[in-house]
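Trainee: Data: run.txt, compact mmCIF, N, CA and C atoms.
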```
# COMPACT_ATOMS: atom_id res chain seq x y z
N MET A 214 10.58 -58.50 29.51
CA MET A 214 9.43 -58.60 28.64
C MET A 214 9.86 -59.13 27.28
N SER A 215 9.18 -60.13 26.82
CA SER A 215 9.49 -60.74 25.54
C SER A 215 8.63 -60.13 24.44
N ILE A 216 9.26 -59.74 23.36
CA ILE A 216 8.53 -59.13 22.24
C ILE A 216 8.72 -60.02 21.01
N ALA A 217 7.62 -60.31 20.33
CA ALA A 217 7.69 -61.10 19.11
C ALA A 217 8.48 -60.33 18.06
N CYS A 218 9.29 -61.03 17.29
CA CYS A 218 10.16 -60.38 16.30
C CYS A 218 9.39 -59.80 15.12
N GLU A 219 8.33 -60.46 14.71
CA GLU A 219 7.63 -60.01 13.51
C GLU A 219 7.09 -58.58 13.62
N PRO A 220 6.40 -58.19 14.71
CA PRO A 220 5.95 -56.79 14.79
C PRO A 220 7.10 -55.78 14.78
N ILE A 221 8.20 -56.11 15.44
CA ILE A 221 9.37 -55.22 15.44
C ILE A 221 9.91 -55.08 14.02
N GLN A 222 9.98 -56.18 13.30
CA GLN A 222 10.47 -56.13 11.93
C GLN A 222 9.55 -55.31 11.04
N GLN A 223 8.24 -55.45 11.23
CA GLN A 223 7.28 -54.65 10.46
C GLN A 223 7.46 -53.16 10.77
N LEU A 224 7.61 -52.84 12.05
CA LEU A 224 7.85 -51.45 12.45
C LEU A 224 9.13 -50.92 11.83
N GLU A 225 10.20 -51.69 11.90
CA GLU A 225 11.48 -51.26 11.32
C GLU A 225 11.35 -51.02 9.83
N GLN A 226 10.63 -51.88 9.12
CA GLN A 226 10.46 -51.71 7.67
C GLN A 226 9.69 -50.42 7.35
N GLN A 227 8.66 -50.13 8.12
CA GLN A 227 7.90 -48.90 7.89
C GLN A 227 8.76 -47.67 8.14
N ILE A 228 9.54 -47.70 9.20
CA ILE A 228 10.41 -46.56 9.51
C ILE A 228 11.49 -46.41 8.46
N LYS A 229 12.02 -47.52 7.99
CA LYS A 229 13.03 -47.48 6.93
C LYS A 229 12.47 -46.80 5.68
N GLN A 230 11.25 -47.17 5.29
CA GLN A 230 10.63 -46.57 4.11
C GLN A 230 10.40 -45.07 4.31
N ILE A 231 9.96 -44.68 5.50
CA ILE A 231 9.72 -43.26 5.80
C ILE A 231 11.03 -42.49 5.77
N ALA A 232 12.06 -43.03 6.42
CA ALA A 232 13.35 -42.33 6.50
C ALA A 232 14.01 -42.19 5.13
N ILE A 233 13.99 -43.25 4.36
CA ILE A 233 14.59 -43.19 3.01
C ILE A 233 13.81 -42.19 2.15
N ALA A 234 12.50 -42.16 2.28
CA ALA A 234 11.68 -41.23 1.49
C ALA A 234 11.96 -39.78 1.86
N GLY A 235 12.57 -39.54 3.01
CA GLY A 235 12.95 -38.18 3.40
C GLY A 235 13.92 -37.54 2.43
N HIS A 236 14.63 -38.37 1.67
CA HIS A 236 15.58 -37.87 0.68
C HIS A 236 14.95 -37.72 -0.71
N SER A 237 13.71 -38.16 -0.88
CA SER A 237 13.07 -38.11 -2.19
C SER A 237 12.32 -36.79 -2.38
N LYS A 238 11.86 -36.56 -3.59
CA LYS A 238 11.09 -35.34 -3.86
C LYS A 238 9.71 -35.40 -3.23
N GLN A 239 9.11 -36.59 -3.20
CA GLN A 239 7.80 -36.76 -2.57
C GLN A 239 8.03 -37.17 -1.12
N LYS A 240 7.87 -36.23 -0.23
CA LYS A 240 8.20 -36.43 1.18
C LYS A 240 7.13 -37.26 1.90
N PRO A 241 7.55 -38.09 2.87
CA PRO A 241 6.58 -38.89 3.64
C PRO A 241 5.77 -38.00 4.58
N LYS A 242 4.66 -38.54 5.09
CA LYS A 242 3.75 -37.74 5.90
C LYS A 242 4.38 -37.27 7.21
N TYR A 243 5.39 -37.92 7.70
CA TYR A 243 6.02 -37.52 8.96
C TYR A 243 7.17 -36.54 8.76
N TYR A 244 7.50 -36.25 7.53
CA TYR A 244 8.57 -35.30 7.24
C TYR A 244 8.02 -33.89 7.46
N THR A 245 8.73 -33.08 8.21
CA THR A 245 8.26 -31.72 8.46
C THR A 245 8.85 -30.78 7.42
N ARG A 246 10.15 -30.62 7.44
CA ARG A 246 10.87 -29.81 6.47
C ARG A 246 12.35 -29.93 6.81
N SER A 247 13.19 -29.49 5.91
CA SER A 247 14.61 -29.43 6.20
C SER A 247 14.85 -28.28 7.17
N HIS A 248 15.62 -28.54 8.20
CA HIS A 248 15.89 -27.52 9.21
C HIS A 248 17.30 -26.94 9.08
N GLY A 249 17.88 -27.07 7.92
CA GLY A 249 19.21 -26.50 7.73
C GLY A 249 19.92 -27.18 6.58
N GLN A 250 21.19 -26.92 6.51
CA GLN A 250 22.00 -27.45 5.42
C GLN A 250 22.16 -28.96 5.52
N PHE A 251 22.14 -29.48 6.74
CA PHE A 251 22.38 -30.91 6.95
C PHE A 251 21.13 -31.61 7.47
N ALA A 252 21.02 -32.90 7.21
CA ALA A 252 19.89 -33.70 7.71
C ALA A 252 19.88 -33.65 9.24
N ASP A 253 18.68 -33.65 9.81
CA ASP A 253 18.53 -33.52 11.26
C ASP A 253 17.31 -34.31 11.72
N PHE A 254 17.34 -34.78 12.96
CA PHE A 254 16.18 -35.47 13.52
C PHE A 254 14.94 -34.59 13.44
N LYS A 255 15.12 -33.27 13.57
CA LYS A 255 13.99 -32.33 13.54
C LYS A 255 13.27 -32.33 12.20
N ASP A 256 13.86 -32.93 11.17
CA ASP A 256 13.22 -32.98 9.86
C ASP A 256 11.98 -33.87 9.87
N PHE A 257 11.83 -34.68 10.93
CA PHE A 257 10.69 -35.58 11.07
C PHE A 257 9.93 -35.27 12.35
N ASP A 258 8.63 -35.47 12.31
CA ASP A 258 7.78 -35.31 13.49
C ASP A 258 7.83 -36.63 14.26
N THR A 259 8.90 -36.81 15.03
CA THR A 259 9.11 -38.08 15.73
C THR A 259 8.06 -38.32 16.80
N ASP A 260 7.57 -37.27 17.45
CA ASP A 260 6.53 -37.45 18.47
C ASP A 260 5.27 -38.05 17.85
N ARG A 261 4.88 -37.54 16.69
CA ARG A 261 3.70 -38.07 16.01
C ARG A 261 3.95 -39.50 15.51
N MET A 262 5.17 -39.77 15.03
CA MET A 262 5.51 -41.13 14.60
C MET A 262 5.36 -42.10 15.77
N ILE A 263 5.91 -41.74 16.91
CA ILE A 263 5.86 -42.60 18.09
C ILE A 263 4.41 -42.82 18.52
N GLU A 264 3.63 -41.75 18.53
CA GLU A 264 2.22 -41.86 18.89
C GLU A 264 1.46 -42.78 17.94
N ASP A 265 1.61 -42.55 16.64
CA ASP A 265 0.90 -43.36 15.64
C ASP A 265 1.33 -44.82 15.69
N PHE A 266 2.64 -45.07 15.80
CA PHE A 266 3.12 -46.44 15.84
C PHE A 266 2.74 -47.14 17.14
N SER A 267 2.57 -46.40 18.22
CA SER A 267 2.12 -46.99 19.48
C SER A 267 0.70 -47.53 19.34
N VAL A 268 -0.11 -46.84 18.55
CA VAL A 268 -1.48 -47.30 18.30
C VAL A 268 -1.46 -48.49 17.34
N GLU A 269 -0.63 -48.41 16.31
CA GLU A 269 -0.57 -49.47 15.31
C GLU A 269 0.07 -50.75 15.85
N PHE A 270 1.02 -50.61 16.78
CA PHE A 270 1.72 -51.76 17.36
C PHE A 270 1.54 -51.76 18.88
N PRO A 271 0.34 -52.09 19.37
CA PRO A 271 0.09 -52.03 20.81
C PRO A 271 0.91 -53.03 21.63
N GLY A 272 1.44 -54.05 21.00
CA GLY A 272 2.24 -55.04 21.71
C GLY A 272 3.68 -54.62 21.93
N ILE A 273 4.07 -53.49 21.39
CA ILE A 273 5.44 -52.98 21.54
C ILE A 273 5.39 -51.77 22.46
N SER A 274 6.24 -51.75 23.46
CA SER A 274 6.23 -50.63 24.41
C SER A 274 6.58 -49.32 23.71
N ARG A 275 6.08 -48.24 24.25
CA ARG A 275 6.35 -46.91 23.71
C ARG A 275 7.85 -46.61 23.72
N ASP A 276 8.56 -47.03 24.76
CA ASP A 276 10.01 -46.82 24.82
C ASP A 276 10.73 -47.56 23.70
N GLU A 277 10.29 -48.78 23.43
CA GLU A 277 10.91 -49.56 22.35
C GLU A 277 10.61 -48.92 21.00
N ILE A 278 9.39 -48.46 20.80
CA ILE A 278 9.04 -47.78 19.55
C ILE A 278 9.89 -46.54 19.38
N ARG A 279 10.07 -45.79 20.44
CA ARG A 279 10.90 -44.58 20.37
C ARG A 279 12.34 -44.94 19.96
N ARG A 280 12.88 -45.99 20.55
CA ARG A 280 14.24 -46.42 20.19
C ARG A 280 14.32 -46.81 18.72
N VAL A 281 13.33 -47.55 18.24
CA VAL A 281 13.34 -48.00 16.84
C VAL A 281 13.19 -46.80 15.89
N VAL A 282 12.31 -45.87 16.23
CA VAL A 282 12.11 -44.67 15.40
C VAL A 282 13.40 -43.86 15.32
N MET A 283 14.00 -43.58 16.45
CA MET A 283 15.20 -42.74 16.47
C MET A 283 16.37 -43.44 15.77
N HIS A 284 16.52 -44.73 16.00
CA HIS A 284 17.59 -45.48 15.33
C HIS A 284 17.36 -45.51 13.82
N GLY A 285 16.10 -45.74 13.41
CA GLY A 285 15.80 -45.80 11.98
C GLY A 285 16.06 -44.48 11.26
N ILE A 286 15.68 -43.39 11.89
CA ILE A 286 15.95 -42.08 11.27
C ILE A 286 17.44 -41.83 11.20
N TYR A 287 18.14 -42.18 12.27
CA TYR A 287 19.60 -42.02 12.24
C TYR A 287 20.21 -42.87 11.12
N TYR A 288 19.87 -44.13 11.11
CA TYR A 288 20.52 -45.07 10.20
C TYR A 288 20.16 -44.82 8.74
N TRP A 289 18.88 -44.58 8.45
CA TRP A 289 18.44 -44.47 7.07
C TRP A 289 18.34 -43.05 6.54
N TYR A 290 18.40 -42.05 7.41
CA TYR A 290 18.27 -40.66 6.93
C TYR A 290 19.48 -39.80 7.24
N LEU A 291 19.98 -39.88 8.46
CA LEU A 291 21.04 -38.94 8.86
C LEU A 291 22.44 -39.32 8.38
N ARG A 292 22.74 -40.57 8.32
CA ARG A 292 24.13 -40.92 7.99
C ARG A 292 24.38 -41.06 6.52
```
Spit out the file's structure as structure tokens when you get a sec.

Mentor:
Amino acid sequence: MSIACEPIQQLEQQIKQIAIAGHSKQKPKYYTRSHGQFADFKDFDTDRMIEDFSVEFPGISRDEIRRVVMHGIYYWYLR
């Protein structure tokens, strides 16, 4: 399946902004709370992110959105 690059890039940019904002005082809407001393995937409502982005980007498969969400949180928030 071929996916246009522009929607993927838009999705990645949105996730980047959300993940980076997880470290700010004004938390993004998908941020739940800190679940311990260290950053964790659980700090974000990834299920809701995947659901919302699936609606916003219908041309991108749910599996691909999940991969982009999880990678973005890892890359921009956890490390």

Trainee: Report as a PyMOL selection string: the residues of region 236-280 of chain A with a DSSP assignment of alpha helix (DSSP H), based on the backbone of this structure.

Mentor: chain A and resi 259-269+275-280

Trainee: Can those selected residues be exported to a file as an mmCIF file, in the frame of the given file so that it contains N, CA and C atoms?

Mentor:
```cif
data_model
loop_
_atom_site.group_PDB
_atom_site.id
_atom_site.type_symbol
_atom_site.label_atom_id
_atom_site.label_comp_id
_atom_site.auth_asym_id
_atom_site.auth_seq_id
_atom_site.Cartn_x
_atom_site.Cartn_y
_atom_site.Cartn_z
ATOM 1 N N THR A 259 8.900 -36.810 15.030
ATOM 2 C CA THR A 259 9.110 -38.080 15.730
ATOM 3 C C THR A 259 8.060 -38.320 16.800
ATOM 4 N N ASP A 260 7.570 -37.270 17.450
ATOM 5 C CA ASP A 260 6.530 -37.450 18.470
ATOM 6 C C ASP A 260 5.270 -38.050 17.850
ATOM 7 N N ARG A 261 4.880 -37.540 16.690
ATOM 8 C CA ARG A 261 3.700 -38.070 16.010
ATOM 9 C C ARG A 261 3.950 -39.500 15.510
ATOM 10 N N MET A 262 5.170 -39.770 15.030
ATOM 11 C CA MET A 262 5.510 -41.130 14.600
ATOM 12 C C MET A 262 5.360 -42.100 15.770
ATOM 13 N N ILE A 263 5.910 -41.740 16.910
ATOM 14 C CA ILE A 263 5.860 -42.600 18.090
ATOM 15 C C ILE A 263 4.410 -42.820 18.520
ATOM 16 N N GLU A 264 3.630 -41.750 18.530
ATOM 17 C CA GLU A 264 2.220 -41.860 18.890
ATOM 18 C C GLU A 264 1.460 -42.780 17.940
ATOM 19 N N ASP A 265 1.610 -42.550 16.640
ATOM 20 C CA ASP A 265 0.900 -43.360 15.640
ATOM 21 C C ASP A 265 1.330 -44.820 15.690
ATOM 22 N N PHE A 266 2.640 -45.070 15.800
ATOM 23 C CA PHE A 266 3.120 -46.440 15.840
ATOM 24 C C PHE A 266 2.740 -47.140 17.140
ATOM 25 N N SER A 267 2.570 -46.400 18.220
ATOM 26 C CA SER A 267 2.120 -46.990 19.480
ATOM 27 C C SER A 267 0.700 -47.530 19.340
ATOM 28 N N VAL A 268 -0.110 -46.840 18.550
ATOM 29 C CA VAL A 268 -1.480 -47.300 18.300
ATOM 30 C C VAL A 268 -1.460 -48.490 17.340
ATOM 31 N N GLU A 269 -0.630 -48.410 16.310
ATOM 32 C CA GLU A 269 -0.570 -49.470 15.310
ATOM 33 C C GLU A 269 0.070 -50.750 15.850
ATOM 34 N N ARG A 275 6.080 -48.240 24.250
ATOM 35 C CA ARG A 275 6.350 -46.910 23.710
ATOM 36 C C ARG A 275 7.850 -46.610 23.720
ATOM 37 N N ASP A 276 8.560 -47.030 24.760
ATOM 38 C CA ASP A 276 10.010 -46.820 24.820
ATOM 39 C C ASP A 276 10.730 -47.560 23.700
ATOM 40 N N GLU A 277 10.290 -48.780 23.430
ATOM 41 C CA GLU A 277 10.910 -49.560 22.350
ATOM 42 C C GLU A 277 10.610 -48.920 21.000
ATOM 43 N N ILE A 278 9.390 -48.460 20.800
ATOM 44 C CA ILE A 278 9.040 -47.780 19.550
ATOM 45 C C ILE A 278 9.890 -46.540 19.380
ATOM 46 N N ARG A 279 10.070 -45.790 20.440
ATOM 47 C CA ARG A 279 10.900 -44.580 20.370
ATOM 48 C C ARG A 279 12.340 -44.940 19.960
ATOM 49 N N ARG A 280 12.880 -45.990 20.550
ATOM 50 C CA ARG A 280 14.240 -46.420 20.190
ATOM 51 C C ARG A 280 14.320 -46.810 18.720
#
```

Trainee: Skipping near chain neighbours, those fewer than 5 positions away, what residues fall within 12 Å of region 245-251 of chain A using only C-alpha atoms, listed as a count of residues only?

Mentor: 17

Trainee: Mind pulling up the distance from CA of Pro271 (chain A) to CA of Lys255 (chain A)?

Mentor: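 Straight-line distance from CA of Lys255 (chain A) to CA of Pro271 (chain A) works out to 25.2 Å.
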
Trainee: Could you state the separation of atom C of Val268 (chain A) and CA of Ala252 (chain A) in Å, given to one decimal place?

Mentor: 27.7 Å

Trainee: One decimal, in Å: what's the spacing between atom C of Ala234 (chain A) and atom N of Gly272 (chain A)?

Mentor: 26.1 Å

Trainee: Take every atom of region 271-275 of chain A listed in the file, pad by 6 Å on each side, and give me the axis-aligned box centre and edge lengths in Å, one decimal, as AutoDock Vina command-line options.

Mentor:
```
--center_x 4.0 --center_y -50.8 --center_z 21.9 --size_x 19.8 --size_y 20.4 --size_z 17.0
```

Trainee: Can you tell me, as a ChimeraX atom specification, what residues are no more than 7 Å from region 218-230 of chain A when counting all atoms listed in the file, ignoring any on the same chain fewer than 5 positions away?

Mentor: /A:235,281-282,285-286,289
